[in-house]
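As stored in structure-v5.json (JSON, C-alpha atoms):
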[["chain", "number", "residue", "atom", "x", "y", "z"],
["A", 1, "SER", "CA", -24.52, 81.48, 23.94],
["A", 2, "GLU", "CA", -23.12, 81.32, 27.49],
["A", 3, "GLY", "CA", -23.13, 84.17, 30.00],
["A", 4, "PHE", "CA", -20.18, 84.90, 32.29],
["A", 5, "LYS", "CA", -20.06, 86.76, 35.59],
["A", 6, "ASN", "CA", -17.12, 88.61, 37.05],
["A", 7, "PRO", "CA", -14.47, 86.27, 38.52],
["A", 8, "VAL", "CA", -14.43, 85.59, 42.27],
["A", 9, "ILE", "CA", -11.31, 84.78, 44.30],
["A", 10, "PHE", "CA", -11.38, 81.44, 46.10],
["A", 11, "GLY", "CA", -8.96, 80.13, 48.71],
["A", 12, "GLY", "CA", -7.34, 83.45, 49.61],
["A", 13, "ASN", "CA", -5.07, 85.71, 47.62],
["A", 14, "THR", "CA", -2.27, 83.27, 46.77],
["A", 15, "SER", "CA", -2.49, 81.76, 43.32],
["A", 16, "GLY", "CA", -3.50, 78.15, 42.83],
["A", 17, "THR", "CA", -2.18, 75.69, 40.27],
["A", 18, "PHE", "CA", -3.27, 72.19, 39.21],
["A", 19, "THR", "CA", -6.84, 73.32, 39.81],
["A", 20, "SER", "CA", -9.75, 70.89, 39.46],
["A", 21, "SER", "CA", -13.47, 71.35, 40.04],
["A", 22, "THR", "CA", -16.37, 68.93, 40.41],
["A", 23, "PHE", "CA", -20.07, 69.23, 41.24],
["A", 24, "ASP", "CA", -21.41, 67.62, 44.42],
["A", 25, "SER", "CA", -25.02, 66.87, 43.43],
["A", 26, "ASN", "CA", -25.90, 65.84, 47.00],
["A", 27, "SER", "CA", -25.04, 69.18, 48.61],
["A", 28, "ASN", "CA", -25.61, 71.15, 45.39],
["A", 29, "ARG", "CA", -22.16, 72.69, 45.76],
["A", 30, "ILE", "CA", -19.02, 73.07, 43.67],
["A", 31, "VAL", "CA", -15.76, 71.70, 45.07],
["A", 32, "ILE", "CA", -12.49, 73.16, 43.81],
["A", 33, "ALA", "CA", -9.26, 71.33, 44.68],
["A", 34, "TYR", "CA", -5.90, 72.89, 43.95],
["A", 35, "ARG", "CA", -2.24, 73.26, 44.84],
["A", 36, "ASP", "CA", -1.52, 76.43, 46.78],
["A", 37, "ALA", "CA", 1.34, 78.24, 45.05],
["A", 38, "SER", "CA", 2.84, 79.67, 48.24],
["A", 39, "THR", "CA", 3.02, 76.43, 50.29],
["A", 40, "GLY", "CA", 2.70, 73.71, 47.64],
["A", 41, "TYR", "CA", 0.03, 72.08, 49.82],
["A", 42, "GLY", "CA", -3.19, 70.59, 48.49],
["A", 43, "TYR", "CA", -6.32, 72.57, 49.35],
["A", 44, "ALA", "CA", -10.04, 72.27, 48.63],
["A", 45, "VAL", "CA", -12.81, 74.83, 48.92],
["A", 46, "VAL", "CA", -16.61, 74.67, 48.60],
["A", 47, "GLY", "CA", -18.49, 77.05, 46.29],
["A", 48, "THR", "CA", -22.19, 77.92, 46.35],
["A", 49, "VAL", "CA", -23.88, 79.12, 43.18],
["A", 50, "ASN", "CA", -26.73, 81.62, 43.48],
["A", 51, "PRO", "CA", -29.05, 80.81, 40.54],
["A", 52, "ALA", "CA", -30.82, 84.14, 40.89],
["A", 53, "ASN", "CA", -27.82, 86.02, 39.54],
["A", 54, "ASN", "CA", -25.40, 83.21, 38.55],
["A", 55, "SER", "CA", -22.86, 84.36, 41.12],
["A", 56, "ILE", "CA", -20.68, 82.10, 43.28],
["A", 57, "SER", "CA", -19.39, 82.44, 46.84],
["A", 58, "PHE", "CA", -16.89, 80.31, 48.73],
["A", 59, "GLY", "CA", -16.32, 78.92, 52.20],
["A", 60, "SER", "CA", -12.92, 78.61, 53.83],
["A", 61, "ALA", "CA", -10.28, 76.52, 52.09],
["A", 62, "ALA", "CA", -9.11, 73.37, 53.89],
["A", 63, "VAL", "CA", -5.84, 71.45, 53.53],
["A", 64, "PHE", "CA", -6.15, 67.87, 52.29],
["A", 65, "ASN", "CA", -2.40, 67.25, 51.90],
["A", 66, "SER", "CA", 0.20, 69.17, 53.90],
["A", 67, "ALA", "CA", 3.10, 68.35, 51.58],
["A", 68, "SER", "CA", 4.11, 69.13, 48.02],
["A", 69, "THR", "CA", 1.02, 68.34, 45.94],
["A", 70, "ASP", "CA", 0.91, 68.04, 42.16],
["A", 71, "LEU", "CA", -1.51, 67.03, 39.38],
["A", 72, "VAL", "CA", -4.70, 67.63, 41.36],
["A", 73, "THR", "CA", -7.87, 66.17, 39.81],
["A", 74, "SER", "CA", -11.27, 65.21, 41.20],
["A", 75, "THR", "CA", -14.61, 63.50, 40.61],
["A", 76, "PHE", "CA", -17.90, 63.02, 42.48],
["A", 77, "ASP", "CA", -19.20, 59.62, 43.61],
["A", 78, "SER", "CA", -22.99, 59.96, 43.56],
["A", 79, "ASN", "CA", -23.45, 56.59, 45.27],
["A", 80, "SER", "CA", -21.58, 57.51, 48.45],
["A", 81, "ASN", "CA", -22.12, 61.27, 47.98],
["A", 82, "LYS", "CA", -18.40, 61.90, 48.32],
["A", 83, "VAL", "CA", -15.81, 63.83, 46.36],
["A", 84, "VAL", "CA", -12.64, 61.96, 45.43],
["A", 85, "ILE", "CA", -9.52, 64.09, 45.05],
["A", 86, "CYS", "CA", -6.55, 62.52, 43.26],
["A", 87, "PHE", "CA", -3.04, 63.93, 43.25],
["A", 88, "SER", "CA", 0.63, 63.13, 42.92],
["A", 89, "GLN", "CA", 3.02, 63.20, 45.86],
["A", 90, "GLY", "CA", 5.84, 60.83, 45.01],
["A", 91, "GLY", "CA", 3.25, 58.33, 43.82],
["A", 92, "GLY", "CA", -0.40, 58.56, 42.88],
["A", 93, "LYS", "CA", -2.75, 59.20, 45.81],
["A", 94, "ALA", "CA", -6.45, 59.69, 46.46],
["A", 95, "ILE", "CA", -8.48, 61.07, 49.34],
["A", 96, "VAL", "CA", -12.22, 61.14, 50.05],
["A", 97, "ALA", "CA", -13.85, 64.47, 50.86],
["A", 98, "THR", "CA", -17.23, 65.18, 52.49],
["A", 99, "VAL", "CA", -19.09, 68.44, 51.96],
["A", 100, "SER", "CA", -21.19, 69.86, 54.79],
["A", 101, "GLY", "CA", -22.67, 73.26, 54.13],
["A", 102, "THR", "CA", -19.78, 75.42, 52.95],
["A", 103, "SER", "CA", -17.17, 73.28, 54.73],
["A", 104, "ILE", "CA", -15.23, 70.22, 53.58],
["A", 105, "SER", "CA", -13.52, 67.44, 55.56],
["A", 106, "PHE", "CA", -11.29, 64.55, 54.51],
["A", 107, "GLY", "CA", -10.65, 60.89, 55.19],
["A", 108, "THR", "CA", -7.23, 59.24, 55.05],
["A", 109, "GLU", "CA", -5.20, 59.53, 51.86],
["A", 110, "VAL", "CA", -4.48, 56.24, 50.09],
["A", 111, "ALA", "CA", -1.79, 55.48, 47.51],
["A", 112, "PHE", "CA", -3.13, 53.81, 44.37],
["A", 113, "GLU", "CA", 0.33, 53.79, 42.78],
["A", 114, "ALA", "CA", 3.60, 53.74, 44.73],
["A", 115, "ALA", "CA", 5.73, 54.87, 41.80],
["A", 116, "ALA", "CA", 5.63, 58.31, 40.25],
["A", 117, "SER", "CA", 2.37, 58.96, 38.43],
["A", 118, "ALA", "CA", 1.40, 61.57, 35.87],
["A", 119, "PHE", "CA", -1.67, 62.57, 33.82],
["A", 120, "ILE", "CA", -4.00, 61.41, 36.63],
["A", 121, "SER", "CA", -7.69, 61.47, 35.66],
["A", 122, "PRO", "CA", -10.58, 60.02, 37.72],
["A", 123, "THR", "CA", -14.20, 59.42, 36.69],
["A", 124, "PHE", "CA", -17.21, 57.85, 38.41],
["A", 125, "ASP", "CA", -18.86, 54.74, 36.96],
["A", 126, "SER", "CA", -22.47, 55.16, 38.11],
["A", 127, "SER", "CA", -23.41, 51.68, 36.87],
["A", 128, "ALA", "CA", -20.81, 49.83, 38.94],
["A", 129, "ASN", "CA", -20.67, 52.55, 41.64],
["A", 130, "LYS", "CA", -16.90, 52.70, 41.39],
["A", 131, "VAL", "CA", -14.29, 55.37, 40.84],
["A", 132, "VAL", "CA", -11.92, 54.68, 37.95],
["A", 133, "ILE", "CA", -8.56, 56.44, 37.78],
["A", 134, "GLY", "CA", -6.56, 56.52, 34.57],
["A", 135, "TYR", "CA", -2.93, 57.60, 34.72],
["A", 136, "GLN", "CA", 0.57, 57.31, 33.32],
["A", 137, "ASP", "CA", 2.54, 54.82, 35.45],
["A", 138, "SER", "CA", 6.06, 56.23, 35.45],
["A", 139, "GLY", "CA", 7.24, 53.22, 37.44],
["A", 140, "ASN", "CA", 6.21, 50.87, 34.63],
["A", 141, "SER", "CA", 7.73, 52.37, 31.48],
["A", 142, "SER", "CA", 5.13, 55.21, 31.58],
["A", 143, "TYR", "CA", 2.42, 52.81, 30.41],
["A", 144, "GLY", "CA", -1.22, 53.88, 30.38],
["A", 145, "THR", "CA", -2.83, 52.31, 33.43],
["A", 146, "ALA", "CA", -6.20, 52.31, 35.18],
["A", 147, "ILE", "CA", -7.38, 51.22, 38.60],
["A", 148, "VAL", "CA", -10.80, 50.83, 40.25],
["A", 149, "GLY", "CA", -11.57, 52.45, 43.61],
["A", 150, "THR", "CA", -14.35, 51.67, 46.08],
["A", 151, "ILE", "CA", -15.51, 54.18, 48.69],
["A", 152, "SER", "CA", -16.52, 52.98, 52.14],
["A", 153, "GLY", "CA", -17.36, 55.65, 54.67],
["A", 154, "THR", "CA", -14.74, 58.36, 54.34],
["A", 155, "ASN", "CA", -12.04, 56.18, 52.81],
["A", 156, "ILE", "CA", -11.24, 54.54, 49.48],
["A", 157, "SER", "CA", -9.63, 51.20, 48.60],
["A", 158, "PHE", "CA", -8.33, 49.94, 45.27],
["A", 159, "GLY", "CA", -8.27, 46.80, 43.15],
["A", 160, "THR", "CA", -5.41, 45.74, 40.90],
["A", 161, "ALA", "CA", -4.03, 48.20, 38.35],
["A", 162, "VAL", "CA", -4.52, 47.23, 34.67],
["A", 163, "VAL", "CA", -2.47, 48.43, 31.70],
["A", 164, "PHE", "CA", -4.58, 49.78, 28.82],
["A", 165, "ASN", "CA", -1.65, 50.95, 26.66],
["A", 166, "ALA", "CA", 1.73, 49.19, 26.77],
["A", 167, "ALA", "CA", 3.73, 52.19, 25.55],
["A", 168, "THR", "CA", 4.56, 55.65, 26.85],
["A", 169, "THR", "CA", 1.18, 57.27, 27.35],
["A", 170, "ASN", "CA", 0.48, 60.98, 27.67],
["A", 171, "ALA", "CA", -2.51, 63.28, 28.24],
["A", 172, "VAL", "CA", -4.67, 60.61, 29.90],
["A", 173, "VAL", "CA", -8.32, 61.65, 30.38],
["A", 174, "THR", "CA", -11.38, 59.70, 31.52],
["A", 175, "THR", "CA", -15.14, 60.05, 31.27],
["A", 176, "PHE", "CA", -18.15, 57.81, 31.85],
["A", 177, "ASP", "CA", -20.73, 57.06, 29.16],
["A", 178, "THR", "CA", -24.01, 56.77, 31.10],
["A", 179, "ASN", "CA", -25.81, 55.40, 28.04],
["A", 180, "ALA", "CA", -23.42, 52.52, 27.34],
["A", 181, "ASN", "CA", -22.35, 52.20, 31.01],
["A", 182, "LYS", "CA", -18.71, 52.23, 29.99],
["A", 183, "VAL", "CA", -15.62, 54.12, 31.03],
["A", 184, "VAL", "CA", -13.87, 55.84, 28.11],
["A", 185, "ILE", "CA", -10.19, 56.79, 28.31],
["A", 186, "GLY", "CA", -8.46, 59.09, 25.86],
["A", 187, "PHE", "CA", -4.69, 59.45, 25.56],
["A", 188, "GLY", "CA", -1.71, 60.30, 23.39],
["A", 189, "ASP", "CA", 0.01, 57.08, 22.34],
["A", 190, "ASN", "CA", 3.75, 57.66, 22.09],
["A", 191, "GLY", "CA", 4.10, 54.12, 20.80],
["A", 192, "ASN", "CA", 2.09, 55.15, 17.76],
["A", 193, "SER", "CA", 3.48, 58.59, 16.77],
["A", 194, "VAL", "CA", 1.62, 60.32, 19.65],
["A", 195, "ARG", "CA", -1.70, 59.79, 17.92],
["A", 196, "GLY", "CA", -4.88, 60.66, 19.78],
["A", 197, "THR", "CA", -6.38, 57.35, 20.88],
["A", 198, "ALA", "CA", -9.34, 56.11, 22.91],
["A", 199, "VAL", "CA", -10.23, 52.85, 24.61],
["A", 200, "VAL", "CA", -13.42, 51.59, 26.28],
["A", 201, "GLY", "CA", -13.26, 50.08, 29.75],
["A", 202, "THR", "CA", -15.73, 47.77, 31.50],
["A", 203, "VAL", "CA", -15.78, 47.62, 35.30],
["A", 204, "SER", "CA", -16.59, 44.33, 37.02],
["A", 205, "GLY", "CA", -16.26, 44.29, 40.79],
["A", 206, "THR", "CA", -12.91, 45.89, 41.61],
["A", 207, "ASN", "CA", -11.42, 45.13, 38.20],
["A", 208, "ILE", "CA", -11.52, 46.76, 34.77],
["A", 209, "SER", "CA", -11.00, 45.30, 31.29],
["A", 210, "PHE", "CA", -10.55, 47.04, 27.96],
["A", 211, "GLY", "CA", -11.61, 46.70, 24.33],
["A", 212, "THR", "CA", -9.44, 47.53, 21.35],
["A", 213, "ALA", "CA", -7.91, 51.00, 21.25],
["A", 214, "VAL", "CA", -9.05, 53.28, 18.37],
["A", 215, "VAL", "CA", -7.18, 56.27, 16.92],
["A", 216, "PHE", "CA", -9.28, 59.45, 16.70],
["A", 217, "HIS", "CA", -6.54, 61.77, 15.40],
["A", 218, "THR", "CA", -3.60, 60.62, 13.26],
["A", 219, "GLY", "CA", -1.38, 63.64, 13.95],
["A", 220, "ASP", "CA", 0.65, 64.48, 17.03],
["A", 221, "THR", "CA", -2.06, 65.02, 19.67],
["A", 222, "ASN", "CA", -1.63, 67.01, 22.85],
["A", 223, "GLU", "CA", -3.70, 68.59, 25.65],
["A", 224, "ILE", "CA", -6.55, 66.07, 25.38],
["A", 225, "HIS", "CA", -9.76, 66.66, 27.36],
["A", 226, "THR", "CA", -13.11, 64.91, 27.39],
["A", 227, "THR", "CA", -16.74, 65.12, 28.46],
["A", 228, "PHE", "CA", -19.95, 63.16, 27.89],
["A", 229, "ASP", "CA", -23.04, 64.61, 26.19],
["A", 230, "SER", "CA", -25.91, 62.87, 27.97],
["A", 231, "THR", "CA", -28.50, 64.16, 25.49],
["A", 232, "ALA", "CA", -26.78, 62.98, 22.32],
["A", 233, "ASN", "CA", -25.21, 60.04, 24.23],
["A", 234, "LYS", "CA", -21.82, 60.83, 22.76],
["A", 235, "VAL", "CA", -18.29, 61.22, 24.07],
["A", 236, "ILE", "CA", -16.45, 64.39, 23.08],
["A", 237, "PHE", "CA", -12.68, 64.72, 22.90],
["A", 238, "THR", "CA", -10.99, 68.10, 22.53],
["A", 239, "TYR", "CA", -7.30, 68.37, 21.77],
["A", 240, "ARG", "CA", -4.49, 70.48, 20.41],
["A", 241, "ASP", "CA", -3.24, 69.47, 16.97],
["A", 242, "THR", "CA", 0.50, 70.04, 17.20],
["A", 243, "THR", "CA", 0.97, 69.09, 13.54],
["A", 244, "GLU", "CA", -1.35, 71.88, 12.35],
["A", 245, "SER", "CA", -0.27, 75.12, 13.99],
["A", 246, "GLN", "CA", -1.47, 74.08, 17.48],
["A", 247, "LYS", "CA", -5.10, 74.47, 16.44],
["A", 248, "GLY", "CA", -7.82, 73.47, 18.89],
["A", 249, "LYS", "CA", -9.95, 70.61, 17.58],
["A", 250, "ALA", "CA", -12.76, 68.33, 18.75],
["A", 251, "ILE", "CA", -14.29, 65.03, 17.71],
["A", 252, "VAL", "CA", -17.36, 63.00, 18.69],
["A", 253, "GLY", "CA", -17.15, 59.35, 19.74],
["A", 254, "THR", "CA", -19.90, 56.72, 19.85],
["A", 255, "VAL", "CA", -19.51, 53.75, 22.18],
["A", 256, "SER", "CA", -20.86, 50.38, 21.05],
["A", 257, "GLY", "CA", -20.13, 47.34, 23.17],
["A", 258, "THR", "CA", -16.45, 47.51, 24.06],
["A", 259, "GLY", "CA", -15.54, 49.62, 21.02],
["A", 260, "ILE", "CA", -15.77, 53.25, 19.98],
["A", 261, "SER", "CA", -16.09, 54.96, 16.59],
["A", 262, "PHE", "CA", -15.63, 58.59, 15.61],
["A", 263, "GLY", "CA", -17.16, 61.22, 13.35],
["A", 264, "SER", "CA", -15.25, 63.99, 11.61],
["A", 265, "GLU", "CA", -13.01, 66.32, 13.57],
["A", 266, "ALA", "CA", -13.95, 70.00, 13.84],
["A", 267, "THR", "CA", -11.77, 73.03, 14.55],
["A", 268, "TYR", "CA", -12.89, 75.33, 17.36],
["A", 269, "ALA", "CA", -9.73, 77.51, 17.44],
["A", 270, "ASN", "CA", -8.00, 78.40, 14.18],
["A", 271, "ALA", "CA", -5.21, 80.24, 16.00],
["A", 272, "ALA", "CA", -2.80, 78.51, 18.32],
["A", 273, "THR", "CA", -4.14, 77.31, 21.66],
["A", 274, "THR", "CA", -2.14, 76.78, 24.81],
["A", 275, "ASN", "CA", -2.36, 74.35, 27.72],
["A", 276, "TYR", "CA", -5.14, 74.07, 30.31],
["A", 277, "GLN", "CA", -8.21, 73.82, 28.15],
["A", 278, "VAL", "CA", -11.50, 72.95, 29.83],
["A", 279, "VAL", "CA", -14.47, 71.14, 28.25],
["A", 280, "LEU", "CA", -17.83, 70.85, 30.00],
["A", 281, "TYR", "CA", -21.27, 69.62, 28.99],
["A", 282, "ASN", "CA", -24.24, 71.79, 30.02],
["A", 283, "SER", "CA", -27.33, 69.58, 30.36],
["A", 284, "ASP", "CA", -29.62, 72.64, 30.63],
["A", 285, "SER", "CA", -28.67, 74.02, 27.23],
["A", 286, "ASN", "CA", -27.62, 70.65, 25.72],
["A", 287, "LYS", "CA", -24.41, 72.30, 24.62],
["A", 288, "THR", "CA", -20.71, 71.73, 25.17],
["A", 289, "LEU", "CA", -18.60, 74.62, 26.44],
["A", 290, "ILE", "CA", -14.87, 74.82, 25.76],
["A", 291, "VAL", "CA", -12.77, 77.40, 27.61],
["A", 292, "TYR", "CA", -9.15, 77.83, 26.61],
["A", 293, "PRO", "CA", -6.28, 80.32, 26.79],
["A", 294, "SER", "CA", -5.35, 81.81, 23.45],
["A", 295, "GLY", "CA", -1.82, 81.02, 22.37],
["A", 296, "VAL", "CA", -1.41, 84.30, 20.48],
["A", 297, "SER", "CA", -1.31, 87.92, 21.61],
["A", 298, "PRO", "CA", -3.25, 89.51, 23.33],
["A", 299, "TYR", "CA", -3.67, 86.18, 25.17],
["A", 300, "TYR", "CA", -7.34, 86.20, 26.04],
["A", 301, "THR", "CA", -9.12, 83.42, 27.84],
["A", 302, "VAL", "CA", -11.69, 82.33, 25.26],
["A", 303, "ALA", "CA", -14.97, 80.41, 25.38],
["A", 304, "VAL", "CA", -16.83, 78.69, 22.55],
["A", 305, "VAL", "CA", -20.03, 76.62, 22.45],
["A", 306, "GLY", "CA", -20.32, 73.34, 20.58],
["A", 307, "THR", "CA", -23.43, 71.49, 19.38],
["A", 308, "ILE", "CA", -23.57, 67.81, 18.43],
["A", 309, "SER", "CA", -25.57, 66.70, 15.41],
["A", 310, "GLY", "CA", -25.36, 63.02, 14.59],
["A", 311, "THR", "CA", -21.73, 61.99, 14.95],
["A", 312, "ASN", "CA", -20.24, 65.47, 14.45],
["A", 313, "ILE", "CA", -19.86, 68.70, 16.41],
["A", 314, "SER", "CA", -19.99, 72.31, 15.23],
["A", 315, "PHE", "CA", -19.09, 75.53, 16.99],
["A", 316, "GLY", "CA", -20.48, 79.02, 17.35],
["A", 317, "THR", "CA", -18.50, 82.26, 17.54],
["A", 318, "SER", "CA", -15.85, 82.37, 20.25],
["A", 319, "VAL", "CA", -16.05, 84.96, 23.04],
["A", 320, "ASN", "CA", -13.19, 86.59, 24.95],
["A", 321, "ILE", "CA", -14.03, 86.30, 28.65],
["A", 322, "GLU", "CA", -10.77, 87.47, 30.26],
["A", 323, "THR", "CA", -8.10, 89.85, 29.02],
["A", 324, "THR", "CA", -5.33, 87.71, 30.46],
["A", 325, "SER", "CA", -4.67, 84.08, 29.66],
["A", 326, "GLY", "CA", -6.07, 81.60, 32.18],
["A", 327, "ALA", "CA", -4.28, 78.47, 33.33],
["A", 328, "ASN", "CA", -5.43, 75.35, 35.15],
["A", 329, "ASP", "CA", -7.72, 72.41, 34.63],
["A", 330, "ALA", "CA", -11.42, 71.74, 34.96]]
Rewrite the coordinates I just gave you, this time as structure tokens.
Amino acid sequence: SEGFKNPVIFGGNTSGTFTSSTFDSNSNRIVIAYRDASTGYGYAVVGTVNPANNSISFGSAAVFNSASTDLVTSTFDSNSNKVVICFSQGGGKAIVATVSGTSISFGTEVAFEAAASAFISPTFDSSANKVVIGYQDSGNSSYGTAIVGTISGTNISFGTAVVFNAATTNAVVTTFDTNANKVVIGFGDNGNSVRGTAVVGTVSGTNISFGTAVVFHTGDTNEIHTTFDSTANKVIFTYRDTTESQKGKAIVGTVSGTGISFGSEATYANAATTNYQVVLYNSDSNKTLIVYPSGVSPYYTVAVVGTISGTNISFGTSVNIETTSGANDA
């Protein structure tokens, strides 16, 4: 089971949306990036975990984008020891952040896509030492697209964007398989009845190429999230099955070469689930934790632990951790 402490306010008393967190393994800190609800600006704040009592405290929030900021996501580059924050402001943008103590500073924001971008999801390829961003390119028929970023100092530059799905593409998520040294992208393929689909990407220099896409769920698939289990060496996708009462489901993927195969799907929430699910792998317990807002009254925020065995995943008993429904991303 997982233990939970009382929640702690970060970034002041105004609510934050489009919230994303990542772990800076160099400073041993948590970085949370978010849109401030009162100003619409993009902020980031550094959190310090006290392992003695599993509590967390925060430094002062800093602005990384003083304009309307949407779709905030982030990842950590362990080669340069920098956090990369991605967001949408007209087009898709990225900015490099440096943690020092409980403070955070930023380089210059760079556009990786001039047209409107949605479903932005970055991951770090620790084999190629590159950041890979998957996204929906609204300027190109909403195709699923990916681009490779290289950090130098406090800035990031990009190669050429590559289409991985030539149809309207929703719910784009990325993760990195450290066993196969491949990027894995999950998405809803509107060109194929919104089926849950995954594709394996290989980074070479500043470019990325893709294998053949594989369907992991044949029904209408929404709210896709992903993580990598570094003990079982498996990719996990969680998703909402809109064709079966909005149930929360998960499935395990195995990467081989440039392809991926899947085990049997498992249900972790029999009642309806809502948006903003979070899936995380805990390397200490070798378990996967899913946190999600219940879609039925009394609207708890719920947590459940998953365990991989072979090519499948099973779940323990869910726990209500908040009496009001949470909202925002990992």
- Message: Taking (-24.1, 67.0, 13.1) as a centre in this file's frame and 12 Å as the limit, can you find every polymer residue with an atom that close, using only C-alpha atoms, and give them as a VMD selection string?
- Response: chain A and resid 232 234 251 to 252 263 to 266 306 to 315
- Query: How many Å lie between CA of Ala180 in chain A and CA of Thr168 in chain A, rounded to one decimal?
  - Reply: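 Atom-to-atom, CA of Ala180 in chain A and CA of Thr168 in chain A are spaced 28.2 Å apart.
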- Task: For CA of Ile95 in chain A and CA of Ile151 in chain A, quote the distance in Å rounded to one decimal.
- Result: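 A separation of 9.9 Å between them.
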- Between CA of Thr238 in chain A and CA of Ile224 in chain A, distance in Å (one decimal):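 So the answer is 5.7 Å.
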Please list as a PDB file with C-alpha atoms, in the coordinates of the input every residue within 10 Å of range 108-111 of chain A, counting only C-alpha atoms and excluding residues in the same chain fewer than 5 positions away.
ATOM      1  CA  PHE A  64      -6.150  67.870  52.290  1.00  0.00           C
ATOM      2  CA  ASN A  65      -2.400  67.250  51.900  1.00  0.00           C
ATOM      3  CA  ILE A  85      -9.520  64.090  45.050  1.00  0.00           C
ATOM      4  CA  CYS A  86      -6.550  62.520  43.260  1.00  0.00           C
ATOM      5  CA  PHE A  87      -3.040  63.930  43.250  1.00  0.00           C
ATOM      6  CA  SER A  88       0.630  63.130  42.920  1.00  0.00           C
ATOM      7  CA  GLN A  89       3.020  63.200  45.860  1.00  0.00           C
ATOM      8  CA  GLY A  90       5.840  60.830  45.010  1.00  0.00           C
ATOM      9  CA  GLY A  91       3.250  58.330  43.820  1.00  0.00           C
ATOM     10  CA  GLY A  92      -0.400  58.560  42.880  1.00  0.00           C
ATOM     11  CA  LYS A  93      -2.750  59.200  45.810  1.00  0.00           C
ATOM     12  CA  ALA A  94      -6.450  59.690  46.460  1.00  0.00           C
ATOM     13  CA  ILE A  95      -8.480  61.070  49.340  1.00  0.00           C
ATOM     14  CA  VAL A  96     -12.220  61.140  50.050  1.00  0.00           C
ATOM     15  CA  ALA A  97     -13.850  64.470  50.860  1.00  0.00           C
ATOM     16  CA  THR A 154     -14.740  58.360  54.340  1.00  0.00           C
ATOM     17  CA  ASN A 155     -12.040  56.180  52.810  1.00  0.00           C
ATOM     18  CA  ILE A 156     -11.240  54.540  49.480  1.00  0.00           C
ATOM     19  CA  SER A 157      -9.630  51.200  48.600  1.00  0.00           C
ATOM     20  CA  PHE A 158      -8.330  49.940  45.270  1.00  0.00           C
TER      21      PHE A 158
END
- Task: Extract, using all atoms listed in the file, all DNA, RNA and protein residues at most 7 Å from range 277-286 of chain A, discarding same-chain residues fewer than 5 positions from it, and format them as number ranges by chain.
- Result: A: 225-229, 231, 291-293, 329-330
- Task: Counting all atoms listed in the file, figure out which residue out of A:Asp189, A:Asp36, A:Asp24, A:Asp241 gets nearest to Ala269 in chain A.
- Result: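 Selected residue with least distance to Ala269 in chain A: A:Asp241.
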Starting from the block above, write range 243-275 of chain A out to a file with C-alpha atoms, as a PDB file, in the first residue's frame, please.
ATOM      1  CA  THR A 243     -17.227   2.635 -24.648  1.00  0.00           C
ATOM      2  CA  GLU A 244     -17.593   0.859 -21.290  1.00  0.00           C
ATOM      3  CA  SER A 245     -19.063   3.311 -18.792  1.00  0.00           C
ATOM      4  CA  GLN A 246     -15.884   5.452 -18.603  1.00  0.00           C
ATOM      5  CA  LYS A 247     -14.085   2.742 -16.627  1.00  0.00           C
ATOM      6  CA  GLY A 248     -10.419   3.220 -15.807  1.00  0.00           C
ATOM      7  CA  LYS A 249      -8.221   0.559 -17.410  1.00  0.00           C
ATOM      8  CA  ALA A 250      -4.542  -0.281 -17.818  1.00  0.00           C
ATOM      9  CA  ILE A 251      -2.411  -2.462 -20.054  1.00  0.00           C
ATOM     10  CA  VAL A 252       1.234  -3.564 -20.159  1.00  0.00           C
ATOM     11  CA  GLY A 253       3.414  -3.142 -23.246  1.00  0.00           C
ATOM     12  CA  THR A 254       6.681  -4.898 -24.136  1.00  0.00           C
ATOM     13  CA  VAL A 255       9.071  -3.203 -26.547  1.00  0.00           C
ATOM     14  CA  SER A 256      11.056  -5.387 -28.941  1.00  0.00           C
ATOM     15  CA  GLY A 257      13.142  -3.705 -31.602  1.00  0.00           C
ATOM     16  CA  THR A 258      10.957  -1.004 -33.132  1.00  0.00           C
ATOM     17  CA  GLY A 259       7.699  -2.750 -32.211  1.00  0.00           C
ATOM     18  CA  ILE A 260       5.545  -3.172 -29.125  1.00  0.00           C
ATOM     19  CA  SER A 261       3.155  -5.922 -27.986  1.00  0.00           C
ATOM     20  CA  PHE A 262       0.561  -5.935 -25.237  1.00  0.00           C
ATOM     21  CA  GLY A 263      -0.839  -8.213 -22.557  1.00  0.00           C
ATOM     22  CA  SER A 264      -4.439  -8.243 -21.358  1.00  0.00           C
ATOM     23  CA  GLU A 265      -6.103  -5.066 -20.171  1.00  0.00           C
ATOM     24  CA  ALA A 266      -7.098  -4.759 -16.509  1.00  0.00           C
ATOM     25  CA  THR A 267      -9.721  -2.545 -14.874  1.00  0.00           C
ATOM     26  CA  TYR A 268      -8.581  -0.417 -11.940  1.00  0.00           C
ATOM     27  CA  ALA A 269     -11.807   1.642 -11.598  1.00  0.00           C
ATOM     28  CA  ASN A 270     -15.165  -0.052 -12.156  1.00  0.00           C
ATOM     29  CA  ALA A 271     -17.049   3.218 -11.681  1.00  0.00           C
ATOM     30  CA  ALA A 272     -16.672   6.153 -14.022  1.00  0.00           C
ATOM     31  CA  THR A 273     -13.398   8.061 -13.906  1.00  0.00           C
ATOM     32  CA  THR A 274     -12.881  11.666 -14.887  1.00  0.00           C
ATOM     33  CA  ASN A 275     -10.020  13.611 -16.453  1.00  0.00           C
TER      34      ASN A 275
END
